[in-house]
Amino acid sequence: MDDRLSEDLVVEILCRLPVKSLMQCKRVSKGWYNLISNVCAPNISRISSAIPSGFLFIFVCKKTSVYDRAYVSYPQGRYCDNNCSGFLRSCTVLLPHRPFKLHDACNGLLLFFSADGRYYVCNPTTKQCIAVPYVQRKYRSYVASLVFENFMSPHYKIIRFPDLKAGCGFIDLDVFSSATGNWVKQKLRIEQSVFSSVEYIVRTVYLNGKLYMQSMSEYLLCFDLDNLIAKAIQLPVAYSKYKFGFIGLSKGQLYYANHDSSKSKFCFWILENCFWRLKHCLSISHLMSLSPQVRELCKDGISTNFMPYAIHPSADIVFLGFPTMLLSYNLQDGKLEVIFKMVKGRLIFGGKHFVFLYTPSFIVLKDFTKHPPQSSLI
C-alpha cells in the first residue's frame, strides 16, 4: 500500500473496482486483505443491501406434499429450485449434511440447521458455508434468528429462542457471536405478562439493537438486545385468527402490513417510538383493475390468499402475492407488475412468513473449524 495515500483515499479507490477484481486484490498483502475484508466489503455490501436481487422461499408440491426451497431473481423473475443450477444449488451443495432447514436470511447471509444438529451460516455470493460451533439443545424446538448488519461490521450473531414459559418474568437467549466464536447466555427481563400466553411466528426483523418477532395475537414482540429487556407492542389492526400481517424494513424503518378491518385494503404502518403511524393504503379493487390476473384470482373482490409479502429496502415498492404468483407495486407511479408465476402444481408455502427478500453480501465469513473456540454453553 502506498504510504503517501491516506487510508480513506485507498478505500475510495478500491471500492470503485469491480467486485471480482477487488476480491483478487486481497492477495496483494496482509494489509490489503484486512482493509478489503473489514472496510471495503462492508461498504460495498451496504450499497448492495439496498438493491434486492431475488426471493428465497419454500414451496410445496400439491401432488406429493413434498416441501422444498426455490429462488426467483428480481426483477428478471427467473425461477430455479434445488434441481436447477444457479443461486440456490450453489448454496445448498455447500451443506455437508442433509436434510437441512432454512431458519433465517439477513442481509445476504443464510442460516441453516442441519441433520448433524448444528447451525450453518452460508454466503451464496462468496460461496461459503461455515459450521457454527455446536451448542447443546435443552429444549426440543427453538426459534433461531440471524442478526447481521453488513454495513456496520463483518460479524454476525445467531439468537436462539427457547419456548416461552407461562408466568416467567425472564427469557433466556442463547447468543452466538462470530466476533468471539462463542455461545453465551443472555437473560432478558419481560415487561409484559402477555408473553406468558403468546405464540410467535418464526420470523424476525432486526433494527437498531432490537429484534422484532410477530406473535400469533395482536402483539409484536420486541427483544432489546442492548438493554436486555423484552416487551410487547400492540399491533395496529384487530387480531384475526386466520390472518397475520408481516413485518419488514425499508429505509431504516420497521413496517407492519396487513388487511384493514374491512379486508378491502392493504395498509402499511411504520413504528415510531412504540406507536404505529399509517403510511400507505392500497385498495384491492384498484389493484384488480390494473391486472386481469389479479382480478381472476380475486373474483369475489376479497381473497384471503392475496396478501402483502415484502417491502423494498430502499424504494417505494411493495411486493404482493398469492400462493401461485408474486407481484410488485410501485407506490410512486402506481405500476403493478407480475414478477413470476409458480410452476404448475406448486404453491408458495407459508406466504409472507417464508418468503425472504435476498440482497447480496461480499463479507468473507470466518471459518471456526480451523481454531475451534470453547462454547460457554456446552
# chains A, B, ... in the order shown; residues from 1 in each chain; ligands from 1
>>> residues_around(residues="Asp68 (chain A)", least_positions_apart="3", cutoff="10 Å", atoms="only C-alpha atoms", output="ChimeraX atom specification")
/A:57-61,65,81-82,101,348-349
>>> write_last_selection(atoms="N, CA, C and O atoms", output="PDB file, in the first residue's frame")
ATOM      1  N   PHE A  57     -37.616 -18.792  -1.055  1.00  0.00           N
ATOM      2  CA  PHE A  57     -38.858 -19.191  -0.401  1.00  0.00           C
ATOM      3  C   PHE A  57     -39.002 -20.711  -0.375  1.00  0.00           C
ATOM      4  O   PHE A  57     -38.241 -21.447  -1.013  1.00  0.00           O
ATOM      5  N   ILE A  58     -39.983 -21.172   0.377  1.00  0.00           N
ATOM      6  CA  ILE A  58     -40.317 -22.589   0.467  1.00  0.00           C
ATOM      7  C   ILE A  58     -41.579 -22.840  -0.352  1.00  0.00           C
ATOM      8  O   ILE A  58     -42.523 -22.036  -0.306  1.00  0.00           O
ATOM      9  N   PHE A  59     -41.589 -23.911  -1.123  1.00  0.00           N
ATOM     10  CA  PHE A  59     -42.791 -24.258  -1.877  1.00  0.00           C
ATOM     11  C   PHE A  59     -43.210 -25.681  -1.548  1.00  0.00           C
ATOM     12  O   PHE A  59     -42.432 -26.482  -1.015  1.00  0.00           O
ATOM     13  N   VAL A  60     -44.457 -25.996  -1.854  1.00  0.00           N
ATOM     14  CA  VAL A  60     -44.983 -27.341  -1.636  1.00  0.00           C
ATOM     15  C   VAL A  60     -45.558 -27.854  -2.944  1.00  0.00           C
ATOM     16  O   VAL A  60     -46.200 -27.103  -3.697  1.00  0.00           O
ATOM     17  N   CYS A  61     -45.314 -29.105  -3.247  1.00  0.00           N
ATOM     18  CA  CYS A  61     -45.886 -29.755  -4.427  1.00  0.00           C
ATOM     19  C   CYS A  61     -47.240 -30.339  -4.043  1.00  0.00           C
ATOM     20  O   CYS A  61     -47.328 -31.139  -3.104  1.00  0.00           O
ATOM     21  N   SER A  65     -47.102 -33.460  -1.767  1.00  0.00           N
ATOM     22  CA  SER A  65     -46.996 -32.797  -0.453  1.00  0.00           C
ATOM     23  C   SER A  65     -45.548 -32.699   0.023  1.00  0.00           C
ATOM     24  O   SER A  65     -45.265 -32.677   1.223  1.00  0.00           O
ATOM     25  N   ASP A  81     -35.106 -24.105  -8.749  1.00  0.00           N
ATOM     26  CA  ASP A  81     -35.267 -24.821  -7.488  1.00  0.00           C
ATOM     27  C   ASP A  81     -34.038 -25.686  -7.253  1.00  0.00           C
ATOM     28  O   ASP A  81     -33.013 -25.531  -7.905  1.00  0.00           O
ATOM     29  N   ASN A  82     -34.124 -26.618  -6.322  1.00  0.00           N
ATOM     30  CA  ASN A  82     -32.954 -27.412  -5.957  1.00  0.00           C
ATOM     31  C   ASN A  82     -32.440 -28.291  -7.085  1.00  0.00           C
ATOM     32  O   ASN A  82     -31.313 -28.776  -7.037  1.00  0.00           O
ATOM     33  N   LYS A 101     -32.704 -27.382   7.253  1.00  0.00           N
ATOM     34  CA  LYS A 101     -33.839 -26.470   7.338  1.00  0.00           C
ATOM     35  C   LYS A 101     -33.345 -25.036   7.293  1.00  0.00           C
ATOM     36  O   LYS A 101     -32.409 -24.672   8.015  1.00  0.00           O
ATOM     37  N   ILE A 348     -46.425 -21.496  -3.220  1.00  0.00           N
ATOM     38  CA  ILE A 348     -45.570 -20.876  -2.201  1.00  0.00           C
ATOM     39  C   ILE A 348     -46.137 -21.242  -0.839  1.00  0.00           C
ATOM     40  O   ILE A 348     -47.313 -21.043  -0.571  1.00  0.00           O
ATOM     41  N   PHE A 349     -45.295 -21.785   0.020  1.00  0.00           N
ATOM     42  CA  PHE A 349     -45.760 -22.240   1.326  1.00  0.00           C
ATOM     43  C   PHE A 349     -45.570 -21.148   2.374  1.00  0.00           C
ATOM     44  O   PHE A 349     -44.514 -20.526   2.447  1.00  0.00           O
TER      45      PHE A 349
END
>>> select_by_dssp(residues="region 90-300 of chain A", states="helix (DSSP H, G or I)", output="list in words")
Ser90, Cys91, Thr92, Ser193, Val194, Phe195, Ser196, Ser197, Ile284, Ser285, His286, Leu287, Met288, Ser289, Leu290, Pro292, Gln293, Val294, Arg295, Glu296 and Leu297 of chain A
>>> closest_atom_pairs(of="region 98-207 of chain A", to="region 351-359 of chain A", cutoff="7 Å", atoms="only C-alpha atoms", output="CSV")
residue,atom,partner,partner_atom,distance
A:Ala105,CA,A:Phe356,CA,6.5
A:Asn107,CA,A:Thr359,CA,5.8
A:Gly108,CA,A:Thr359,CA,5.0
A:Arg203,CA,A:His353,CA,6.3
>>> select_by_dssp(residues="region 20-242 of chain A", states="strand (DSSP E or B)", output="PyMOL selection string")
chain A and resi 54-61+67-73+79-81+100-106+109-114+119-123+128-131+143-147+157-161+170-177+182-190+200-207+210-215+219-224+229-234+240
>>> write_last_selection(atoms="C-alpha atoms", output="compact mmCIF listing (two decimals), in the first residue's frame")
# COMPACT_ATOMS: atom_id res chain seq x y z
CA GLY A 54 -34.21 -12.09 -5.62
CA PHE A 55 -36.60 -14.03 -3.40
CA LEU A 56 -35.81 -17.21 -1.50
CA PHE A 57 -38.86 -19.19 -0.40
CA ILE A 58 -40.32 -22.59 0.47
CA PHE A 59 -42.79 -24.26 -1.88
CA VAL A 60 -44.98 -27.34 -1.64
CA CYS A 61 -45.89 -29.76 -4.43
CA TYR A 67 -41.62 -29.27 0.59
CA ASP A 68 -38.52 -27.75 -0.97
CA ARG A 69 -36.71 -24.44 -1.49
CA ALA A 70 -36.64 -22.21 -4.56
CA TYR A 71 -35.15 -18.92 -5.69
CA VAL A 72 -36.51 -16.30 -8.08
CA SER A 73 -34.29 -13.48 -9.35
CA TYR A 79 -37.09 -19.29 -11.35
CA CYS A 80 -34.90 -22.14 -10.13
CA ASP A 81 -35.27 -24.82 -7.49
CA PHE A 100 -31.41 -29.22 6.41
CA LYS A 101 -33.84 -26.47 7.34
CA LEU A 102 -33.63 -22.81 6.38
CA HIS A 103 -34.12 -20.82 9.59
CA ASP A 104 -33.43 -17.24 8.51
CA ALA A 105 -31.90 -14.85 5.98
CA CYS A 106 -30.40 -11.48 6.82
CA LEU A 109 -26.37 -14.43 4.81
CA LEU A 110 -28.48 -17.57 5.27
CA LEU A 111 -28.91 -19.60 8.46
CA PHE A 112 -29.48 -23.34 8.16
CA PHE A 113 -29.99 -26.08 10.74
CA SER A 114 -28.73 -29.44 9.54
CA TYR A 119 -26.17 -24.41 12.62
CA TYR A 120 -24.53 -23.36 9.36
CA VAL A 121 -24.14 -19.82 8.05
CA CYS A 122 -23.90 -19.54 4.26
CA ASN A 123 -22.95 -16.68 1.98
CA GLN A 128 -19.02 -20.10 1.69
CA CYS A 129 -20.76 -22.34 4.19
CA ILE A 130 -19.40 -22.17 7.75
CA ALA A 131 -20.22 -24.62 10.54
CA VAL A 143 -36.56 -20.34 17.04
CA ALA A 144 -33.22 -19.19 15.63
CA SER A 145 -32.59 -15.78 14.09
CA LEU A 146 -29.64 -14.31 12.23
CA VAL A 147 -28.52 -10.77 13.07
CA LYS A 157 -24.89 -13.10 15.62
CA ILE A 158 -27.26 -16.03 15.96
CA ILE A 159 -30.05 -15.57 18.50
CA ARG A 160 -31.71 -18.77 19.71
CA PHE A 161 -35.07 -18.55 21.50
CA PHE A 170 -37.39 -13.56 32.19
CA ILE A 171 -36.42 -15.21 28.94
CA ASP A 172 -33.03 -16.83 28.37
CA LEU A 173 -31.50 -16.36 24.93
CA ASP A 174 -28.56 -18.32 23.53
CA VAL A 175 -26.40 -15.90 21.55
CA PHE A 176 -23.54 -16.81 19.21
CA SER A 177 -21.15 -14.10 18.04
CA ASN A 182 -18.56 -18.38 21.34
CA TRP A 183 -22.10 -19.02 22.53
CA VAL A 184 -23.23 -17.10 25.62
CA LYS A 185 -26.50 -16.80 27.53
CA GLN A 186 -28.38 -13.52 27.84
CA LYS A 187 -31.25 -13.09 30.28
CA LEU A 188 -33.90 -10.58 29.19
CA ARG A 189 -36.44 -9.16 31.61
CA ILE A 190 -40.02 -9.42 30.34
CA TYR A 200 -44.95 -16.41 17.96
CA ILE A 201 -44.38 -16.64 14.23
CA VAL A 202 -40.96 -17.95 13.24
CA ARG A 203 -39.73 -14.81 11.51
CA THR A 204 -37.79 -11.88 12.96
CA VAL A 205 -36.56 -8.45 11.91
CA TYR A 206 -33.55 -6.70 13.45
CA LEU A 207 -33.25 -2.92 13.73
CA LYS A 210 -33.80 -4.67 18.76
CA LEU A 211 -35.11 -7.96 17.41
CA TYR A 212 -38.81 -7.92 16.49
CA MET A 213 -40.97 -11.01 16.29
CA GLN A 214 -44.62 -11.16 15.30
CA SER A 215 -46.88 -13.13 17.62
CA TYR A 219 -48.89 -8.13 19.70
CA LEU A 220 -45.48 -7.51 18.21
CA LEU A 221 -42.72 -8.83 20.48
CA CYS A 222 -39.63 -6.65 20.89
CA PHE A 223 -36.35 -8.00 22.28
CA ASP A 224 -33.95 -5.19 23.18
CA ILE A 229 -35.49 -6.04 28.05
CA ALA A 230 -38.36 -7.80 26.26
CA LYS A 231 -41.71 -6.10 25.71
CA ALA A 232 -44.90 -6.40 23.68
CA ILE A 233 -46.28 -3.71 21.33
CA GLN A 234 -49.90 -3.89 20.28
CA SER A 240 -57.81 -12.10 13.23
>>> residues_around(residues="Val294 (chain A)", least_positions_apart="4", cutoff="10 Å", atoms="only C-alpha atoms", output="PyMOL selection string")
chain A and resi 284-285+287-290+298-299+301+303+306+321-322+325+327+338
>>> write_last_selection(atoms="C-alpha atoms", output="mmCIF file, in the first residue's frame")
data_model
loop_
_atom_site.group_PDB
_atom_site.id
_atom_site.type_symbol
_atom_site.label_atom_id
_atom_site.label_comp_id
_atom_site.auth_asym_id
_atom_site.auth_seq_id
_atom_site.Cartn_x
_atom_site.Cartn_y
_atom_site.Cartn_z
ATOM 1 C CA ILE A 284 -57.689 -4.207 -3.549
ATOM 2 C CA SER A 285 -60.351 -3.215 -6.093
ATOM 3 C CA LEU A 287 -55.219 -3.487 -7.863
ATOM 4 C CA MET A 288 -57.792 -5.723 -9.539
ATOM 5 C CA SER A 289 -58.440 -3.032 -12.134
ATOM 6 C CA LEU A 290 -54.736 -2.960 -13.004
ATOM 7 C CA CYS A 298 -59.999 -12.194 -6.589
ATOM 8 C CA LYS A 299 -63.352 -12.868 -8.234
ATOM 9 C CA GLY A 301 -63.366 -8.789 -4.581
ATOM 10 C CA SER A 303 -59.225 -13.044 -1.454
ATOM 11 C CA PHE A 306 -53.984 -12.151 -1.548
ATOM 12 C CA GLY A 321 -48.657 -12.210 -3.587
ATOM 13 C CA PHE A 322 -50.790 -15.289 -3.977
ATOM 14 C CA MET A 325 -47.852 -15.619 -8.040
ATOM 15 C CA LEU A 327 -46.227 -9.110 -7.933
ATOM 16 C CA VAL A 338 -46.033 -9.725 -12.214
#
>>> closest_residue(among="A:Val132, A:Ile44, A:Leu95, A:Met307", to="Gly181 (chain A)", atoms="only C-alpha atoms")
A:Val132
>>> atom_distance(atom1="CA of Glu149 (chain A)", atom2="CA of Leu235 (chain A)")
25.7 Å
>>> residues_around(residues="Lys335 (chain A)", least_positions_apart="2", cutoff="12 Å", atoms="only C-alpha atoms", output="list of chain:residue names")
A:His286, A:Leu287, A:Ser289, A:Leu290, A:Ser291, A:Asp316, A:Ile317, A:Val318, A:Phe319, A:Leu327, A:Ser328, A:Tyr329, A:Asn330, A:Leu331, A:Gln332, A:Asp333, A:Glu337, A:Val338
>>> residues_around(residues="Leu254 (chain A)", least_positions_apart="2", cutoff="6 Å", atoms="only C-alpha atoms", output="PyMOL selection string")
chain A and resi 248-249+270-271
>>> residues_around(residues="region 13-25 of chain A", least_positions_apart="4", cutoff="9 Å", atoms="only C-alpha atoms", output="VMD selection string")
chain A and resid 8 to 9 29 32 to 33 36 to 37 40 to 41 43 to 44 362
>>> write_last_selection(atoms="N, CA and C atoms", output="PDB file, in the first residue's frame")
ATOM      1  N   ASP A   8      -8.441   6.441   3.788  1.00  0.00           N
ATOM      2  CA  ASP A   8      -9.755   6.791   3.227  1.00  0.00           C
ATOM      3  C   ASP A   8      -9.698   6.868   1.707  1.00  0.00           C
ATOM      4  N   LEU A   9      -8.617   7.428   1.186  1.00  0.00           N
ATOM      5  CA  LEU A   9      -8.484   7.555  -0.267  1.00  0.00           C
ATOM      6  C   LEU A   9      -8.272   6.187  -0.899  1.00  0.00           C
ATOM      7  N   SER A  29      -1.368  -8.255  -0.093  1.00  0.00           N
ATOM      8  CA  SER A  29      -0.654  -8.234   1.184  1.00  0.00           C
ATOM      9  C   SER A  29      -1.654  -8.437   2.316  1.00  0.00           C
ATOM     10  N   TRP A  32      -3.697  -5.231   2.775  1.00  0.00           N
ATOM     11  CA  TRP A  32      -4.801  -5.104   1.825  1.00  0.00           C
ATOM     12  C   TRP A  32      -5.915  -6.092   2.154  1.00  0.00           C
ATOM     13  N   TYR A  33      -5.533  -7.302   2.567  1.00  0.00           N
ATOM     14  CA  TYR A  33      -6.557  -8.308   2.929  1.00  0.00           C
ATOM     15  C   TYR A  33      -7.452  -7.768   4.044  1.00  0.00           C
ATOM     16  N   ILE A  36      -9.594  -4.645   2.779  1.00  0.00           N
ATOM     17  CA  ILE A  36     -10.704  -5.017   1.894  1.00  0.00           C
ATOM     18  C   ILE A  36     -11.764  -5.793   2.648  1.00  0.00           C
ATOM     19  N   SER A  37     -11.353  -6.702   3.533  1.00  0.00           N
ATOM     20  CA  SER A  37     -12.304  -7.529   4.273  1.00  0.00           C
ATOM     21  C   SER A  37     -13.102  -6.715   5.287  1.00  0.00           C
ATOM     22  N   CYS A  40     -13.709  -2.306   2.946  1.00  0.00           N
ATOM     23  CA  CYS A  40     -14.279  -2.233   1.593  1.00  0.00           C
ATOM     24  C   CYS A  40     -15.514  -3.125   1.444  1.00  0.00           C
ATOM     25  N   ALA A  41     -15.409  -4.384   1.900  1.00  0.00           N
ATOM     26  CA  ALA A  41     -16.531  -5.317   1.751  1.00  0.00           C
ATOM     27  C   ALA A  41     -17.796  -4.827   2.457  1.00  0.00           C
ATOM     28  N   ASN A  43     -18.584  -1.710   3.015  1.00  0.00           N
ATOM     29  CA  ASN A  43     -19.068  -0.545   2.259  1.00  0.00           C
ATOM     30  C   ASN A  43     -19.837  -0.976   1.014  1.00  0.00           C
ATOM     31  N   ILE A  44     -19.284  -1.941   0.275  1.00  0.00           N
ATOM     32  CA  ILE A  44     -19.958  -2.427  -0.930  1.00  0.00           C
ATOM     33  C   ILE A  44     -21.239  -3.158  -0.567  1.00  0.00           C
ATOM     34  N   PHE A 362     -20.789  -9.211   0.349  1.00  0.00           N
ATOM     35  CA  PHE A 362     -19.441  -9.605  -0.062  1.00  0.00           C
ATOM     36  C   PHE A 362     -18.528  -9.833   1.142  1.00  0.00           C
TER      37      PHE A 362
END
>>> decode(residues="region 8-22 of chain A", atoms="N, CA, C and O atoms", output="PDB file, in the first residue's frame")
ATOM      1  N   ASP A   8      -8.441   6.441   3.788  1.00  0.00           N
ATOM      2  CA  ASP A   8      -9.755   6.791   3.227  1.00  0.00           C
ATOM      3  C   ASP A   8      -9.698   6.868   1.707  1.00  0.00           C
ATOM      4  O   ASP A   8     -10.630   6.422   1.023  1.00  0.00           O
ATOM      5  N   LEU A   9      -8.617   7.428   1.186  1.00  0.00           N
ATOM      6  CA  LEU A   9      -8.484   7.555  -0.267  1.00  0.00           C
ATOM      7  C   LEU A   9      -8.272   6.187  -0.899  1.00  0.00           C
ATOM      8  O   LEU A   9      -8.827   5.894  -1.963  1.00  0.00           O
ATOM      9  N   VAL A  10      -7.484   5.337  -0.243  1.00  0.00           N
ATOM     10  CA  VAL A  10      -7.264   3.985  -0.765  1.00  0.00           C
ATOM     11  C   VAL A  10      -8.582   3.211  -0.816  1.00  0.00           C
ATOM     12  O   VAL A  10      -8.892   2.533  -1.807  1.00  0.00           O
ATOM     13  N   VAL A  11      -9.361   3.328   0.247  1.00  0.00           N
ATOM     14  CA  VAL A  11     -10.675   2.665   0.291  1.00  0.00           C
ATOM     15  C   VAL A  11     -11.572   3.180  -0.825  1.00  0.00           C
ATOM     16  O   VAL A  11     -12.265   2.404  -1.502  1.00  0.00           O
ATOM     17  N   GLU A  12     -11.551   4.494  -1.034  1.00  0.00           N
ATOM     18  CA  GLU A  12     -12.369   5.096  -2.088  1.00  0.00           C
ATOM     19  C   GLU A  12     -11.983   4.542  -3.458  1.00  0.00           C
ATOM     20  O   GLU A  12     -12.847   4.234  -4.292  1.00  0.00           O
ATOM     21  N   ILE A  13     -10.689   4.373  -3.693  1.00  0.00           N
ATOM     22  CA  ILE A  13     -10.215   3.850  -4.975  1.00  0.00           C
ATOM     23  C   ILE A  13     -10.587   2.376  -5.124  1.00  0.00           C
ATOM     24  O   ILE A  13     -11.100   1.937  -6.166  1.00  0.00           O
ATOM     25  N   LEU A  14     -10.333   1.598  -4.080  1.00  0.00           N
ATOM     26  CA  LEU A  14     -10.594   0.161  -4.152  1.00  0.00           C
ATOM     27  C   LEU A  14     -12.079  -0.137  -4.349  1.00  0.00           C
ATOM     28  O   LEU A  14     -12.442  -1.063  -5.089  1.00  0.00           O
ATOM     29  N   CYS A  15     -12.931   0.637  -3.706  1.00  0.00           N
ATOM     30  CA  CYS A  15     -14.376   0.385  -3.788  1.00  0.00           C
ATOM     31  C   CYS A  15     -14.944   0.680  -5.169  1.00  0.00           C
ATOM     32  O   CYS A  15     -16.083   0.303  -5.464  1.00  0.00           O
ATOM     33  N   ARG A  16     -14.167   1.343  -6.009  1.00  0.00           N
ATOM     34  CA  ARG A  16     -14.611   1.629  -7.368  1.00  0.00           C
ATOM     35  C   ARG A  16     -14.267   0.485  -8.332  1.00  0.00           C
ATOM     36  O   ARG A  16     -14.700   0.493  -9.482  1.00  0.00           O
ATOM     37  N   LEU A  17     -13.470  -0.479  -7.866  1.00  0.00           N
ATOM     38  CA  LEU A  17     -13.124  -1.622  -8.707  1.00  0.00           C
ATOM     39  C   LEU A  17     -14.305  -2.578  -8.835  1.00  0.00           C
ATOM     40  O   LEU A  17     -15.166  -2.634  -7.942  1.00  0.00           O
ATOM     41  N   PRO A  18     -14.367  -3.347  -9.931  1.00  0.00           N
ATOM     42  CA  PRO A  18     -15.359  -4.433  -9.995  1.00  0.00           C
ATOM     43  C   PRO A  18     -15.148  -5.384  -8.814  1.00  0.00           C
ATOM     44  O   PRO A  18     -14.012  -5.585  -8.368  1.00  0.00           O
ATOM     45  N   VAL A  19     -16.231  -5.951  -8.320  1.00  0.00           N
ATOM     46  CA  VAL A  19     -16.156  -6.765  -7.101  1.00  0.00           C
ATOM     47  C   VAL A  19     -15.151  -7.906  -7.254  1.00  0.00           C
ATOM     48  O   VAL A  19     -14.350  -8.176  -6.352  1.00  0.00           O
ATOM     49  N   LYS A  20     -15.182  -8.585  -8.404  1.00  0.00           N
ATOM     50  CA  LYS A  20     -14.266  -9.713  -8.617  1.00  0.00           C
ATOM     51  C   LYS A  20     -12.815  -9.260  -8.545  1.00  0.00           C
ATOM     52  O   LYS A  20     -11.962  -9.919  -7.916  1.00  0.00           O
ATOM     53  N   SER A  21     -12.511  -8.125  -9.154  1.00  0.00           N
ATOM     54  CA  SER A  21     -11.142  -7.601  -9.130  1.00  0.00           C
ATOM     55  C   SER A  21     -10.746  -7.183  -7.717  1.00  0.00           C
ATOM     56  O   SER A  21      -9.603  -7.392  -7.289  1.00  0.00           O
ATOM     57  N   LEU A  22     -11.695  -6.600  -6.997  1.00  0.00           N
ATOM     58  CA  LEU A  22     -11.419  -6.175  -5.625  1.00  0.00           C
ATOM     59  C   LEU A  22     -11.054  -7.366  -4.750  1.00  0.00           C
ATOM     60  O   LEU A  22     -10.091  -7.309  -3.966  1.00  0.00           O
TER      61      LEU A  22
END
